[in-house]
>>> print(open('start.cif').read())   # mmCIF, C-alpha atoms
data_query
#
loop_
_atom_site.label_atom_id
_atom_site.label_comp_id
_atom_site.auth_asym_id
_atom_site.auth_seq_id
_atom_site.Cartn_x
_atom_site.Cartn_y
_atom_site.Cartn_z
CA MET K 1 89.19 102.57 197.36
CA LYS K 2 87.60 104.06 194.30
CA GLU K 3 84.87 106.72 194.20
CA VAL K 4 81.94 105.63 192.04
CA SER K 5 78.28 106.48 191.40
CA HIS K 6 75.76 105.30 193.95
CA ASN K 7 74.30 102.89 191.41
CA GLU K 8 77.61 101.19 190.75
CA ALA K 9 78.32 100.83 194.47
CA ALA K 10 74.78 99.62 195.19
CA SER K 11 75.10 96.91 192.56
CA TRP K 12 77.87 95.36 194.67
CA TRP K 13 75.61 94.54 197.59
CA LYS K 14 71.92 94.95 196.83
CA ARG K 15 71.04 91.25 196.47
CA PRO K 16 69.64 88.87 197.53
CA GLU K 17 66.70 91.06 198.51
CA ARG K 18 63.91 89.10 200.16
CA ILE K 19 60.57 90.08 198.65
CA VAL K 20 57.35 90.86 200.47
CA LEU K 21 53.87 91.76 199.28
CA ALA K 22 51.77 94.53 200.81
CA VAL K 23 48.00 94.29 200.54
CA THR K 24 45.85 97.41 200.83
CA VAL K 25 42.20 98.24 200.04
CA ASP K 26 40.42 101.18 198.42
CA ALA K 27 37.36 102.92 199.87
CA ALA K 28 35.11 100.24 198.36
CA GLN K 29 37.21 97.51 200.04
CA LYS K 30 38.65 96.33 196.72
CA ALA K 31 42.07 94.92 197.50
CA ASP K 32 45.36 95.68 195.77
CA ILE K 33 48.75 93.98 196.07
CA ILE K 34 52.20 95.49 195.61
CA ALA K 35 55.59 93.70 195.60
CA LEU K 36 58.36 95.27 197.67
CA GLY K 37 62.05 94.66 198.20
CA TRP K 38 62.60 97.80 200.25
CA LYS K 39 61.34 96.79 203.69
CA MET K 40 62.86 96.29 207.11
CA HIS K 41 62.03 95.11 210.56
CA THR K 42 62.14 98.28 212.67
CA SER K 43 60.95 97.51 216.23
CA SER K 44 60.90 94.44 218.47
CA THR K 45 58.50 95.67 221.16
CA PRO K 46 55.98 96.36 219.81
CA PRO K 47 56.80 94.54 216.56
CA MET K 48 56.91 96.89 213.57
CA TYR K 49 57.99 96.80 209.93
CA ALA K 50 58.86 99.71 207.66
CA ILE K 51 58.10 99.59 203.94
CA SER K 52 59.09 102.03 201.19
CA ILE K 53 56.44 102.71 198.55
CA GLY K 54 57.08 104.79 195.43
CA LYS K 55 55.09 108.01 195.48
CA LEU K 56 53.58 107.36 192.06
CA ARG K 57 52.36 103.85 192.89
CA TYR K 58 48.65 103.19 193.28
CA SER K 59 49.33 101.47 196.61
CA HIS K 60 50.77 104.77 197.87
CA THR K 61 47.34 106.38 197.46
CA LEU K 62 45.58 103.39 199.01
CA ILE K 63 47.76 103.01 202.09
CA ARG K 64 47.46 106.72 202.81
CA GLN K 65 43.66 106.38 202.86
CA CYS K 66 43.38 102.96 204.47
CA ARG K 67 46.16 103.34 207.12
CA GLU K 68 46.40 99.55 207.30
CA PHE K 69 48.17 96.87 205.28
CA VAL K 70 48.88 93.17 205.30
CA LEU K 71 52.55 92.29 204.91
CA ALA K 72 52.53 88.91 203.15
CA VAL K 73 55.64 86.82 202.52
CA PRO K 74 55.72 84.91 199.20
CA GLY K 75 57.44 81.54 198.98
CA GLU K 76 59.39 79.91 196.20
CA ASP K 77 56.25 78.94 194.24
CA LEU K 78 55.00 82.51 193.61
CA SER K 79 57.52 84.00 191.12
CA GLU K 80 54.93 84.55 188.42
CA GLU K 81 52.44 86.16 190.79
CA VAL K 82 55.13 88.41 192.33
CA LEU K 83 56.26 89.57 188.90
CA PHE K 84 52.68 90.38 187.93
CA VAL K 85 51.73 92.32 191.07
CA GLY K 86 55.09 94.11 191.00
CA THR K 87 54.90 95.32 187.42
CA VAL K 88 51.19 95.95 186.69
CA SER K 89 49.20 98.80 188.25
CA GLY K 90 46.21 98.01 190.42
CA ARG K 91 44.49 101.09 189.03
CA LYS K 92 43.31 98.97 186.10
CA VAL K 93 43.47 95.37 187.26
CA ASP K 94 42.08 93.30 190.12
CA LYS K 95 45.33 91.59 191.11
CA PHE K 96 43.73 88.81 193.15
CA GLU K 97 41.53 87.92 190.19
CA ALA K 98 44.35 88.24 187.64
CA THR K 99 46.84 86.11 189.59
CA GLY K 100 44.49 83.59 191.16
CA LEU K 101 45.85 84.42 194.61
CA THR K 102 43.22 83.82 197.29
CA PRO K 103 42.11 86.66 199.59
CA VAL K 104 41.24 85.53 203.11
CA PRO K 105 39.52 87.98 205.49
CA ALA K 106 41.95 89.27 208.10
CA LYS K 107 41.06 89.18 211.79
CA ILE K 108 41.63 92.87 212.57
CA VAL K 109 42.49 94.96 209.50
CA LYS K 110 40.47 95.69 206.36
CA PRO K 111 42.94 94.36 203.72
CA PRO K 112 42.78 90.58 203.26
CA LEU K 113 45.49 88.03 203.92
CA ILE K 114 46.93 86.05 200.99
CA LYS K 115 46.28 82.36 201.49
CA GLU K 116 49.21 81.20 199.34
CA CYS K 117 51.83 83.21 201.29
CA ILE K 118 53.95 81.56 203.96
CA VAL K 119 53.48 84.40 206.48
CA ASN K 120 50.91 87.21 206.81
CA HIS K 121 51.31 90.09 209.28
CA GLU K 122 48.27 92.35 209.91
CA CYS K 123 49.62 95.90 210.29
CA LYS K 124 48.32 99.31 211.31
CA VAL K 125 50.21 102.36 210.00
CA VAL K 126 51.72 104.21 212.97
CA GLY K 127 54.21 106.47 211.17
CA GLU K 128 55.03 107.95 207.79
CA LEU K 129 58.17 109.70 206.53
CA ASP K 130 59.07 111.31 203.23
CA SER K 131 62.12 109.68 201.64
CA GLY K 132 62.96 111.11 198.23
CA ASP K 133 60.90 109.40 195.54
CA HIS K 134 59.33 107.03 198.09
CA THR K 135 57.47 107.31 201.39
CA ILE K 136 58.32 105.13 204.37
CA PHE K 137 55.26 103.68 206.12
CA VAL K 138 55.79 102.06 209.53
CA GLY K 139 53.29 99.34 210.39
CA GLU K 140 52.75 97.91 213.83
CA VAL K 141 51.98 94.19 213.70
CA LEU K 142 48.59 93.49 215.30
CA THR K 143 48.59 89.76 214.66
CA SER K 144 50.39 87.22 212.48
CA TRP K 145 49.60 84.07 210.52
CA ILE K 146 51.65 81.21 209.14
CA CYS K 147 50.62 78.65 206.55
CA GLU K 148 50.81 74.89 206.97
CA GLU K 149 53.89 74.33 204.86
CA LYS K 150 57.13 76.18 205.48
CA LYS K 151 58.77 77.42 202.27
CA GLN K 152 61.70 79.71 201.51
CA ASN K 153 61.00 83.41 201.10
CA LEU K 154 61.30 84.34 197.44
CA SER K 155 64.19 86.74 196.75
CA SER K 156 65.24 89.09 194.02
CA ILE K 157 68.58 87.65 192.87
CA GLY K 158 71.38 88.47 190.45
CA GLU K 159 73.28 86.24 188.09
CA GLN K 160 75.43 84.61 190.79
CA SER K 161 75.48 80.91 191.50
CA GLY K 162 74.14 79.77 194.86
CA TYR K 163 70.48 80.09 193.90
CA VAL K 164 67.67 78.08 192.44
CA HIS K 165 66.28 80.41 189.78
CA THR K 166 62.48 80.18 190.01
CA GLY K 167 61.32 82.76 187.49
CA GLY K 168 61.30 86.40 186.52
CA GLY K 169 61.10 88.71 183.53
CA LYS K 170 61.03 92.46 182.75
CA GLY K 171 64.51 92.80 184.24
CA TYR K 172 63.73 90.88 187.42
CA ARG K 173 65.19 87.53 188.46
CA PHE K 174 63.62 85.59 191.31
CA GLY K 175 64.92 82.64 193.23
CA ILE K 176 65.72 81.01 196.52
CA ILE K 177 68.96 79.98 198.12
CA ARG K 178 70.08 76.57 196.90
CA PRO K 179 69.25 73.99 199.55
CA MET L 1 46.48 79.33 208.18
CA LYS L 2 47.31 79.42 211.83
CA GLU L 3 47.46 82.52 214.04
CA VAL L 4 50.76 82.78 215.90
CA SER L 5 52.89 85.30 217.78
CA HIS L 6 54.82 87.83 215.73
CA ASN L 7 58.09 86.23 216.80
CA GLU L 8 57.10 82.80 215.57
CA ALA L 9 55.93 84.19 212.22
CA ALA L 10 59.04 86.38 211.86
CA SER L 11 61.29 83.36 212.40
CA TRP L 12 59.89 81.90 209.18
CA TRP L 13 61.28 84.63 206.96
CA LYS L 14 63.77 86.90 208.71
CA ARG L 15 66.95 85.44 207.19
CA PRO L 16 69.28 85.81 205.38
CA GLU L 17 69.59 89.41 206.53
CA ARG L 18 72.46 91.24 204.83
CA ILE L 19 74.49 93.14 207.40
CA VAL L 20 75.75 96.71 207.17
CA LEU L 21 77.87 98.84 209.47
CA ALA L 22 77.07 102.47 210.28
CA VAL L 23 79.93 104.75 211.31
CA THR L 24 79.25 107.90 213.33
CA VAL L 25 81.42 110.33 215.33
CA ASP L 26 81.08 112.09 218.66
CA ALA L 27 81.68 115.81 219.22
CA ALA L 28 85.43 115.17 219.52
CA GLN L 29 85.38 113.35 216.14
CA LYS L 30 86.00 109.97 217.79
CA ALA L 31 84.37 107.40 215.56
CA ASP L 32 82.01 104.59 216.54
CA ILE L 33 80.74 101.63 214.52
CA ILE L 34 77.41 99.79 214.86
CA ALA L 35 76.28 96.62 213.06
CA LEU L 36 72.77 96.66 211.58
CA GLY L 37 70.49 94.15 209.92
CA TRP L 38 67.49 96.46 209.86
CA LYS L 39 68.19 98.70 206.88
CA MET L 40 66.61 99.31 203.50
CA HIS L 41 67.13 101.20 200.31
CA THR L 42 64.38 103.85 200.33
CA SER L 43 64.85 106.22 197.36
CA SER L 44 66.39 105.96 193.90
CA THR L 45 66.57 109.67 193.01
CA PRO L 46 68.19 110.97 195.09
CA PRO L 47 69.66 107.74 196.50
CA MET L 48 68.74 107.17 200.13
CA TYR L 49 68.96 104.39 202.73
CA ALA L 50 66.95 104.00 205.93
CA ILE L 51 68.49 102.41 209.01
CA SER L 52 66.83 101.44 212.31
CA ILE L 53 68.86 102.10 215.44
CA GLY L 54 67.78 100.98 218.92
CA LYS L 55 66.99 103.95 221.14
CA LEU L 56 69.34 102.76 223.88
CA ARG L 57 72.36 102.32 221.61
CA TYR L 58 75.30 104.71 221.84
CA SER L 59 75.14 105.23 218.06
CA HIS L 60 71.61 106.58 218.53
CA THR L 61 73.02 109.46 220.58
CA LEU L 62 75.86 110.03 218.13
CA ILE L 63 73.83 110.05 214.92
CA ARG L 64 71.35 112.49 216.48
CA GLN L 65 74.20 114.91 217.17
CA CYS L 66 76.30 114.28 214.07
CA ARG L 67 73.48 114.08 211.47
CA GLU L 68 75.81 112.13 209.18
CA PHE L 69 76.89 108.51 208.90
CA VAL L 70 78.88 106.20 206.68
CA LEU L 71 77.02 103.08 205.59
CA ALA L 72 79.75 100.46 205.14
CA VAL L 73 79.17 96.98 203.73
CA PRO L 74 81.21 94.16 205.30
CA GLY L 75 82.35 91.23 203.22
CA GLU L 76 82.80 87.57 204.04
CA ASP L 77 86.11 88.14 205.87
CA LEU L 78 84.73 90.40 208.63
CA SER L 79 82.60 88.06 210.82
CA GLU L 80 84.68 88.61 213.91
CA GLU L 81 84.74 92.39 213.52
CA VAL L 82 80.99 92.52 212.87
CA LEU L 83 80.27 90.44 215.97
CA PHE L 84 82.44 92.74 218.06
CA VAL L 85 81.02 96.05 216.86
CA GLY L 86 77.48 94.64 217.06
CA THR L 87 77.72 93.38 220.62
CA VAL L 88 80.04 95.80 222.46
CA SER L 89 79.10 99.40 223.27
CA GLY L 90 81.18 102.23 221.85
CA ARG L 91 80.65 104.14 225.09
CA LYS L 92 83.61 102.29 226.55
CA VAL L 93 85.64 101.06 223.61
CA ASP L 94 87.30 102.53 220.53
CA LYS L 95 85.96 100.04 218.00
CA PHE L 96 88.44 100.86 215.25
CA GLU L 97 91.29 100.28 217.67
CA ALA L 98 89.77 97.15 219.17
CA THR L 99 88.98 95.48 215.84
CA GLY L 100 91.92 96.69 213.80
CA LEU L 101 89.55 98.07 211.15
CA THR L 102 91.14 101.03 209.34
CA PRO L 103 89.41 104.42 209.33
CA VAL L 104 89.91 106.40 206.11
CA PRO L 105 88.86 110.07 205.98
CA ALA L 106 85.65 110.49 204.01
CA LYS L 107 85.40 113.07 201.24
CA ILE L 108 82.32 114.94 202.49
CA VAL L 109 81.08 113.70 205.89
CA LYS L 110 82.78 113.71 209.29
CA PRO L 111 82.61 109.94 210.06
CA PRO L 112 85.39 107.92 208.39
CA LEU L 113 85.06 105.20 205.78
CA ILE L 114 86.12 101.64 206.68
CA LYS L 115 88.93 100.54 204.41
CA GLU L 116 88.23 96.81 204.76
CA CYS L 117 84.56 97.10 203.68
CA ILE L 118 83.51 96.34 200.12
CA VAL L 119 81.31 99.43 199.78
CA ASN L 120 81.12 102.73 201.70
CA HIS L 121 78.30 105.24 201.21
CA GLU L 122 78.72 108.75 202.70
CA CYS L 123 75.29 109.79 204.02
CA LYS L 124 73.63 112.91 205.40
CA VAL L 125 70.60 112.42 207.66
CA VAL L 126 67.56 113.94 205.94
CA GLY L 127 64.76 112.38 207.99
CA GLU L 128 64.02 110.72 211.29
CA LEU L 129 60.97 108.77 212.47
CA ASP L 130 60.07 107.15 215.77
CA SER L 131 59.44 103.40 215.39
CA GLY L 132 58.75 101.67 218.69
CA ASP L 133 62.00 100.73 220.40
CA HIS L 134 64.05 102.04 217.46
CA THR L 135 64.34 105.26 215.45
CA ILE L 136 64.50 105.24 211.67
CA PHE L 137 67.16 107.54 210.22
CA VAL L 138 67.04 108.26 206.50
CA GLY L 139 70.38 109.06 204.92
CA GLU L 140 70.87 110.63 201.51
CA VAL L 141 73.95 109.23 199.78
CA LEU L 142 76.38 112.05 198.94
CA THR L 143 79.05 109.86 197.40
CA SER L 144 80.05 106.18 197.29
CA TRP L 145 83.23 104.10 197.33
CA ILE L 146 84.08 100.54 196.36
CA CYS L 147 87.18 98.56 197.26
CA GLU L 148 89.47 96.81 194.81
CA GLU L 149 88.23 93.30 195.43
CA LYS L 150 84.56 92.37 195.16
CA LYS L 151 83.39 90.10 197.99
CA GLN L 152 80.02 88.83 199.14
CA ASN L 153 78.08 90.92 201.66
CA LEU L 154 78.16 89.15 205.02
CA SER L 155 74.71 88.02 206.18
CA SER L 156 73.06 86.96 209.38
CA ILE L 157 72.00 83.38 208.67
CA GLY L 158 70.11 80.57 210.35
CA GLU L 159 70.86 76.86 210.55
CA GLN L 160 69.81 76.09 206.97
CA SER L 161 72.10 74.64 204.36
CA GLY L 162 72.95 76.84 201.38
CA TYR L 163 75.52 78.93 203.22
CA VAL L 164 79.19 79.04 203.99
CA HIS L 165 79.26 79.65 207.74
CA THR L 166 81.99 82.23 208.36
CA GLY L 167 81.70 82.91 212.09
CA GLY L 168 79.49 84.20 214.87
CA GLY L 169 78.82 83.81 218.56
CA LYS L 170 76.54 85.28 221.26
CA GLY L 171 73.50 83.91 219.41
CA TYR L 172 74.57 85.24 216.00
CA ARG L 173 75.55 83.16 212.98
CA PHE L 174 77.22 84.84 210.02
CA GLY L 175 77.84 83.57 206.55
CA ILE L 176 77.56 84.05 202.83
CA ILE L 177 75.60 82.23 200.20
CA ARG L 178 77.43 79.11 199.02
CA PRO L 179 79.10 79.89 195.67
#
>>> encode(input="start.cif", output="structure tokens")
Amino acid sequence: MKEVSHNEAASWWKRPERIVLAVTVDAAQKADIIALGWKMHTSSTPPMYAISIGKLRYSHTLIRQCREFVLAVPGEDLSEEVLFVGTVSGRKVDKFEATGLTPVPAKIVKPPLIKECIVNHECKVVGELDSGDHTIFVGEVLTSWICEEKKQNLSSIGEQSGYVHTGGGKGYRFGIIRP
Amino acid sequence: MKEVSHNEAASWWKRPERIVLAVTVDAAQKADIIALGWKMHTSSTPPMYAISIGKLRYSHTLIRQCREFVLAVPGEDLSEEVLFVGTVSGRKVDKFEATGLTPVPAKIVKPPLIKECIVNHECKVVGELDSGDHTIFVGEVLTSWICEEKKQNLSSIGEQSGYVHTGGGKGYRFGIIRP
């Protein structure tokens, strides 16, 4: 074995990373969307997910105020939208308007669902933990939605074979596992 | 969109889940290994990973005492070992002995590295958060190791095509993405 920097070691195993979107709202109920690779399932009963949000991101401010989020799962047809919401700040742009994604009122939480996503989980923040340059927010799932057509969850991928490359840019490559 | 149970919605997007192993030690320095799918990168600077461990697991007791763990990344050749360490409790079994995996003294932390894994990160627990039936432990990476031969990270997979099925059992299916 060889001792290396964390970054070199991480590059050996960090992909594919399935991507999710987190939808939050500001005090005026204007919605924002962030793209996240750093998320995990974290409880079965009750169902919970943990997401890591960078401390400087606009969504970090919003989720702290709102204490709710929608965890939405993008399919293979949303590479362009994922790249946009992941690389542009919601401080200046209405991301639903800019991407054409369709907000649908949620049943319980304030942030809207995303109609074009394959799965939407309505979540209430039940825990928060400092983690270096990010904060971990734990969301309990209050209810869940699926769309009509099952698609593959979009992933962040490398240069390996085994994938259908669906889009990307700005250093990101998106795709799905080759059927 | 259709409202469904969390489990039904989760089944639409929960795989592939890359698998990691976490190595801990008891007070007598006897090492234990757990297999985890619920993990995420959670900080770039300093590098940190978050792992979710079920509250009833033996590793939960050990990591609470030890405050350190090794995050080891299994490759495509370790299906059988991953199934064993993920489904048998370390309360009764020495998992290194039972699997034939080779413990290698770490440089900084008490738990050993796993020689057969493609990557080993030495981690110190810097945060802990209750999350339903699990606890989230955040580990700061103190140093990292790679092995000589790069392999694909073993994943928990479903019944879809796109994978090389490498093993499994007891309801688990392991594999890697088809080259």
>>> closest_residue(input="start.cif", among="L:Asp32, L:Glu159, L:Asp77, L:Glu128", to="chain K", atoms="all atoms listed in the file")
L:Glu128
>>> residues_near_point(input="start.cif", point="(73.5, 113.4, 209.9)", cutoff="10 Å", atoms="only C-alpha atoms", output="ChimeraX atom specification")
/L:24,62-70,109-111,123-128,137-140
>>> interface_residues(input="start.cif", of="chain L", to="chain K", cutoff="7 Å", atoms="only C-alpha atoms", output="MDAnalysis selection string")
chainID L and resid 1:6 9 13 38:46 52 119 129 131:134 143:148 153 161:162 177:179
>>> calpha_fit_and_write(input="start.cif", fixed="chain K", moving="chain L", output="short mmCIF file (atom, residue, chain, number, x, y, z; two decimals) with C-alpha atoms, in the frame of the given file")
data_model
loop_
_atom_site.label_atom_id
_atom_site.label_comp_id
_atom_site.auth_asym_id
_atom_site.auth_seq_id
_atom_site.Cartn_x
_atom_site.Cartn_y
_atom_site.Cartn_z
CA MET L 1 89.18 102.59 197.39
CA LYS L 2 87.63 104.08 194.32
CA GLU L 3 84.89 106.72 194.22
CA VAL L 4 81.96 105.65 192.06
CA SER L 5 78.31 106.49 191.42
CA HIS L 6 75.77 105.31 193.96
CA ASN L 7 74.31 102.90 191.42
CA GLU L 8 77.62 101.20 190.76
CA ALA L 9 78.33 100.83 194.49
CA ALA L 10 74.77 99.62 195.21
CA SER L 11 75.11 96.91 192.56
CA TRP L 12 77.87 95.36 194.67
CA TRP L 13 75.61 94.55 197.60
CA LYS L 14 71.92 94.96 196.83
CA ARG L 15 71.07 91.26 196.45
CA PRO L 16 69.64 88.87 197.52
CA GLU L 17 66.72 91.07 198.50
CA ARG L 18 63.91 89.10 200.15
CA ILE L 19 60.58 90.09 198.64
CA VAL L 20 57.35 90.87 200.47
CA LEU L 21 53.87 91.76 199.28
CA ALA L 22 51.77 94.53 200.82
CA VAL L 23 47.99 94.29 200.54
CA THR L 24 45.84 97.41 200.83
CA VAL L 25 42.20 98.25 200.03
CA ASP L 26 40.42 101.18 198.42
CA ALA L 27 37.36 102.91 199.87
CA ALA L 28 35.10 100.24 198.35
CA GLN L 29 37.20 97.51 200.06
CA LYS L 30 38.64 96.34 196.73
CA ALA L 31 42.06 94.94 197.50
CA ASP L 32 45.36 95.69 195.77
CA ILE L 33 48.74 93.97 196.07
CA ILE L 34 52.21 95.50 195.61
CA ALA L 35 55.58 93.71 195.59
CA LEU L 36 58.36 95.28 197.66
CA GLY L 37 62.05 94.67 198.18
CA TRP L 38 62.59 97.79 200.24
CA LYS L 39 61.34 96.79 203.67
CA MET L 40 62.86 96.30 207.10
CA HIS L 41 62.01 95.13 210.55
CA THR L 42 62.13 98.30 212.67
CA SER L 43 60.94 97.52 216.23
CA SER L 44 60.91 94.45 218.46
CA THR L 45 58.50 95.67 221.17
CA PRO L 46 55.98 96.36 219.82
CA PRO L 47 56.79 94.55 216.55
CA MET L 48 56.91 96.89 213.57
CA TYR L 49 57.99 96.80 209.92
CA ALA L 50 58.86 99.72 207.65
CA ILE L 51 58.10 99.59 203.94
CA SER L 52 59.09 102.04 201.18
CA ILE L 53 56.45 102.72 198.54
CA GLY L 54 57.10 104.81 195.42
CA LYS L 55 55.09 108.03 195.48
CA LEU L 56 53.58 107.36 192.05
CA ARG L 57 52.34 103.86 192.87
CA TYR L 58 48.63 103.18 193.27
CA SER L 59 49.33 101.47 196.61
CA HIS L 60 50.75 104.77 197.86
CA THR L 61 47.32 106.37 197.45
CA LEU L 62 45.57 103.39 199.01
CA ILE L 63 47.76 103.00 202.09
CA ARG L 64 47.46 106.74 202.80
CA GLN L 65 43.67 106.39 202.87
CA CYS L 66 43.40 102.96 204.48
CA ARG L 67 46.14 103.33 207.14
CA GLU L 68 46.41 99.54 207.32
CA PHE L 69 48.17 96.87 205.29
CA VAL L 70 48.89 93.17 205.29
CA LEU L 71 52.56 92.29 204.91
CA ALA L 72 52.54 88.91 203.15
CA VAL L 73 55.64 86.81 202.51
CA PRO L 74 55.74 84.90 199.20
CA GLY L 75 57.43 81.55 198.97
CA GLU L 76 59.39 79.89 196.19
CA ASP L 77 56.25 78.94 194.22
CA LEU L 78 55.00 82.50 193.61
CA SER L 79 57.52 83.99 191.10
CA GLU L 80 54.93 84.56 188.42
CA GLU L 81 52.44 86.17 190.80
CA VAL L 82 55.12 88.40 192.32
CA LEU L 83 56.25 89.57 188.88
CA PHE L 84 52.68 90.39 187.94
CA VAL L 85 51.73 92.32 191.07
CA GLY L 86 55.09 94.12 191.01
CA THR L 87 54.89 95.29 187.42
CA VAL L 88 51.19 95.93 186.70
CA SER L 89 49.22 98.79 188.27
CA GLY L 90 46.21 98.00 190.44
CA ARG L 91 44.49 101.08 189.03
CA LYS L 92 43.32 98.97 186.12
CA VAL L 93 43.46 95.38 187.28
CA ASP L 94 42.08 93.29 190.14
CA LYS L 95 45.32 91.58 191.12
CA PHE L 96 43.72 88.80 193.15
CA GLU L 97 41.53 87.92 190.19
CA ALA L 98 44.33 88.23 187.65
CA THR L 99 46.83 86.11 189.59
CA GLY L 100 44.48 83.60 191.15
CA LEU L 101 45.85 84.42 194.61
CA THR L 102 43.20 83.82 197.29
CA PRO L 103 42.11 86.65 199.59
CA VAL L 104 41.23 85.52 203.12
CA PRO L 105 39.51 87.97 205.50
CA ALA L 106 41.95 89.25 208.10
CA LYS L 107 41.07 89.17 211.79
CA ILE L 108 41.64 92.86 212.58
CA VAL L 109 42.50 94.95 209.50
CA LYS L 110 40.47 95.68 206.37
CA PRO L 111 42.94 94.36 203.72
CA PRO L 112 42.78 90.57 203.26
CA LEU L 113 45.49 88.02 203.93
CA ILE L 114 46.93 86.04 200.99
CA LYS L 115 46.28 82.36 201.50
CA GLU L 116 49.20 81.18 199.35
CA CYS L 117 51.82 83.20 201.28
CA ILE L 118 53.95 81.58 203.96
CA VAL L 119 53.48 84.40 206.48
CA ASN L 120 50.91 87.21 206.81
CA HIS L 121 51.30 90.08 209.28
CA GLU L 122 48.27 92.35 209.91
CA CYS L 123 49.63 95.90 210.28
CA LYS L 124 48.33 99.32 211.31
CA VAL L 125 50.21 102.36 209.99
CA VAL L 126 51.73 104.22 212.95
CA GLY L 127 54.22 106.46 211.15
CA GLU L 128 55.03 107.95 207.79
CA LEU L 129 58.18 109.70 206.54
CA ASP L 130 59.08 111.32 203.24
CA SER L 131 62.14 109.69 201.64
CA GLY L 132 62.97 111.11 198.23
CA ASP L 133 60.92 109.40 195.54
CA HIS L 134 59.34 107.04 198.09
CA THR L 135 57.46 107.33 201.39
CA ILE L 136 58.30 105.14 204.36
CA PHE L 137 55.26 103.68 206.12
CA VAL L 138 55.78 102.07 209.51
CA GLY L 139 53.31 99.35 210.38
CA GLU L 140 52.75 97.92 213.84
CA VAL L 141 51.99 94.20 213.69
CA LEU L 142 48.60 93.49 215.30
CA THR L 143 48.60 89.76 214.67
CA SER L 144 50.42 87.21 212.48
CA TRP L 145 49.60 84.06 210.52
CA ILE L 146 51.65 81.20 209.13
CA CYS L 147 50.61 78.63 206.55
CA GLU L 148 50.80 74.88 206.98
CA GLU L 149 53.88 74.32 204.86
CA LYS L 150 57.13 76.19 205.48
CA LYS L 151 58.77 77.41 202.26
CA GLN L 152 61.68 79.69 201.49
CA ASN L 153 61.00 83.41 201.11
CA LEU L 154 61.31 84.33 197.43
CA SER L 155 64.18 86.74 196.74
CA SER L 156 65.25 89.09 194.02
CA ILE L 157 68.58 87.65 192.88
CA GLY L 158 71.37 88.46 190.47
CA GLU L 159 73.30 86.23 188.09
CA GLN L 160 75.44 84.59 190.78
CA SER L 161 75.47 80.90 191.50
CA GLY L 162 74.13 79.78 194.87
CA TYR L 163 70.48 80.08 193.91
CA VAL L 164 67.66 78.09 192.45
CA HIS L 165 66.28 80.40 189.77
CA THR L 166 62.48 80.17 190.02
CA GLY L 167 61.30 82.76 187.49
CA GLY L 168 61.28 86.41 186.52
CA GLY L 169 61.09 88.70 183.53
CA LYS L 170 61.02 92.44 182.75
CA GLY L 171 64.52 92.80 184.23
CA TYR L 172 63.72 90.86 187.42
CA ARG L 173 65.19 87.51 188.44
CA PHE L 174 63.63 85.59 191.31
CA GLY L 175 64.91 82.64 193.23
CA ILE L 176 65.71 81.02 196.53
CA ILE L 177 68.95 80.00 198.11
CA ARG L 178 70.07 76.58 196.89
CA PRO L 179 69.22 73.99 199.57
#
>>> atom_distance(input="start.cif", atom1="CA of Thr87 in chain K", atom2="CA of Pro103 in chain K")
19.7 Å
>>> atom_distance(input="start.cif", atom1="CA of Ala106 in chain K", atom2="CA of Gly175 in chain K")
28.2 Å
>>> atom_distance(input="start.cif", atom1="CA of Glu97 in chain L", atom2="CA of Lys30 in chain L")
11.0 Å
>>> residues_around(input="start.cif", residues="Ala35 in chain K", least_positions_apart="6", cutoff="9 Å", atoms="all atoms listed in the file", output="JSON list (two decimals) with C-alpha atoms, in the frame of the given file")
[["chain", "number", "residue", "atom", "x", "y", "z"],
["K", 19, "ILE", "CA", 60.57, 90.08, 198.65],
["K", 20, "VAL", "CA", 57.35, 90.86, 200.47],
["K", 21, "LEU", "CA", 53.87, 91.76, 199.28],
["K", 22, "ALA", "CA", 51.77, 94.53, 200.81],
["K", 82, "VAL", "CA", 55.13, 88.41, 192.33],
["K", 83, "LEU", "CA", 56.26, 89.57, 188.90],
["K", 84, "PHE", "CA", 52.68, 90.38, 187.93],
["K", 85, "VAL", "CA", 51.73, 92.32, 191.07],
["K", 86, "GLY", "CA", 55.09, 94.11, 191.00],
["K", 87, "THR", "CA", 54.90, 95.32, 187.42]]
>>> closest_residue(input="start.cif", among="L:Gly100, L:Pro112, L:Gly168, L:Gly90", to="Ser155 in chain L", atoms="all atoms listed in the file")
L:Gly168
>>> resolve_selection(input="start.cif", expression="the PyMOL selection byres ((chain L and resi 167) around 10)", output="JSON, numbers by chain")
{"L": [76, 77, 78, 79, 80, 82, 83, 156, 164, 165, 166, 168, 169, 172, 173, 174, 175]}
>>> axis_aligned_box(input="start.cif", around="range 82-98 of chain L", padding_each_side="6 Å", output="AutoDock Vina command-line options")
--center_x 84.4 --center_y 97.3 --center_z 219.7 --size_x 25.8 --size_y 25.7 --size_z 25.7
>>> closest_residue(input="start.cif", among="L:Val25, L:Pro105, L:Gly171, L:Ala98", to="Thr61 in chain L", atoms="only C-alpha atoms")
L:Val25
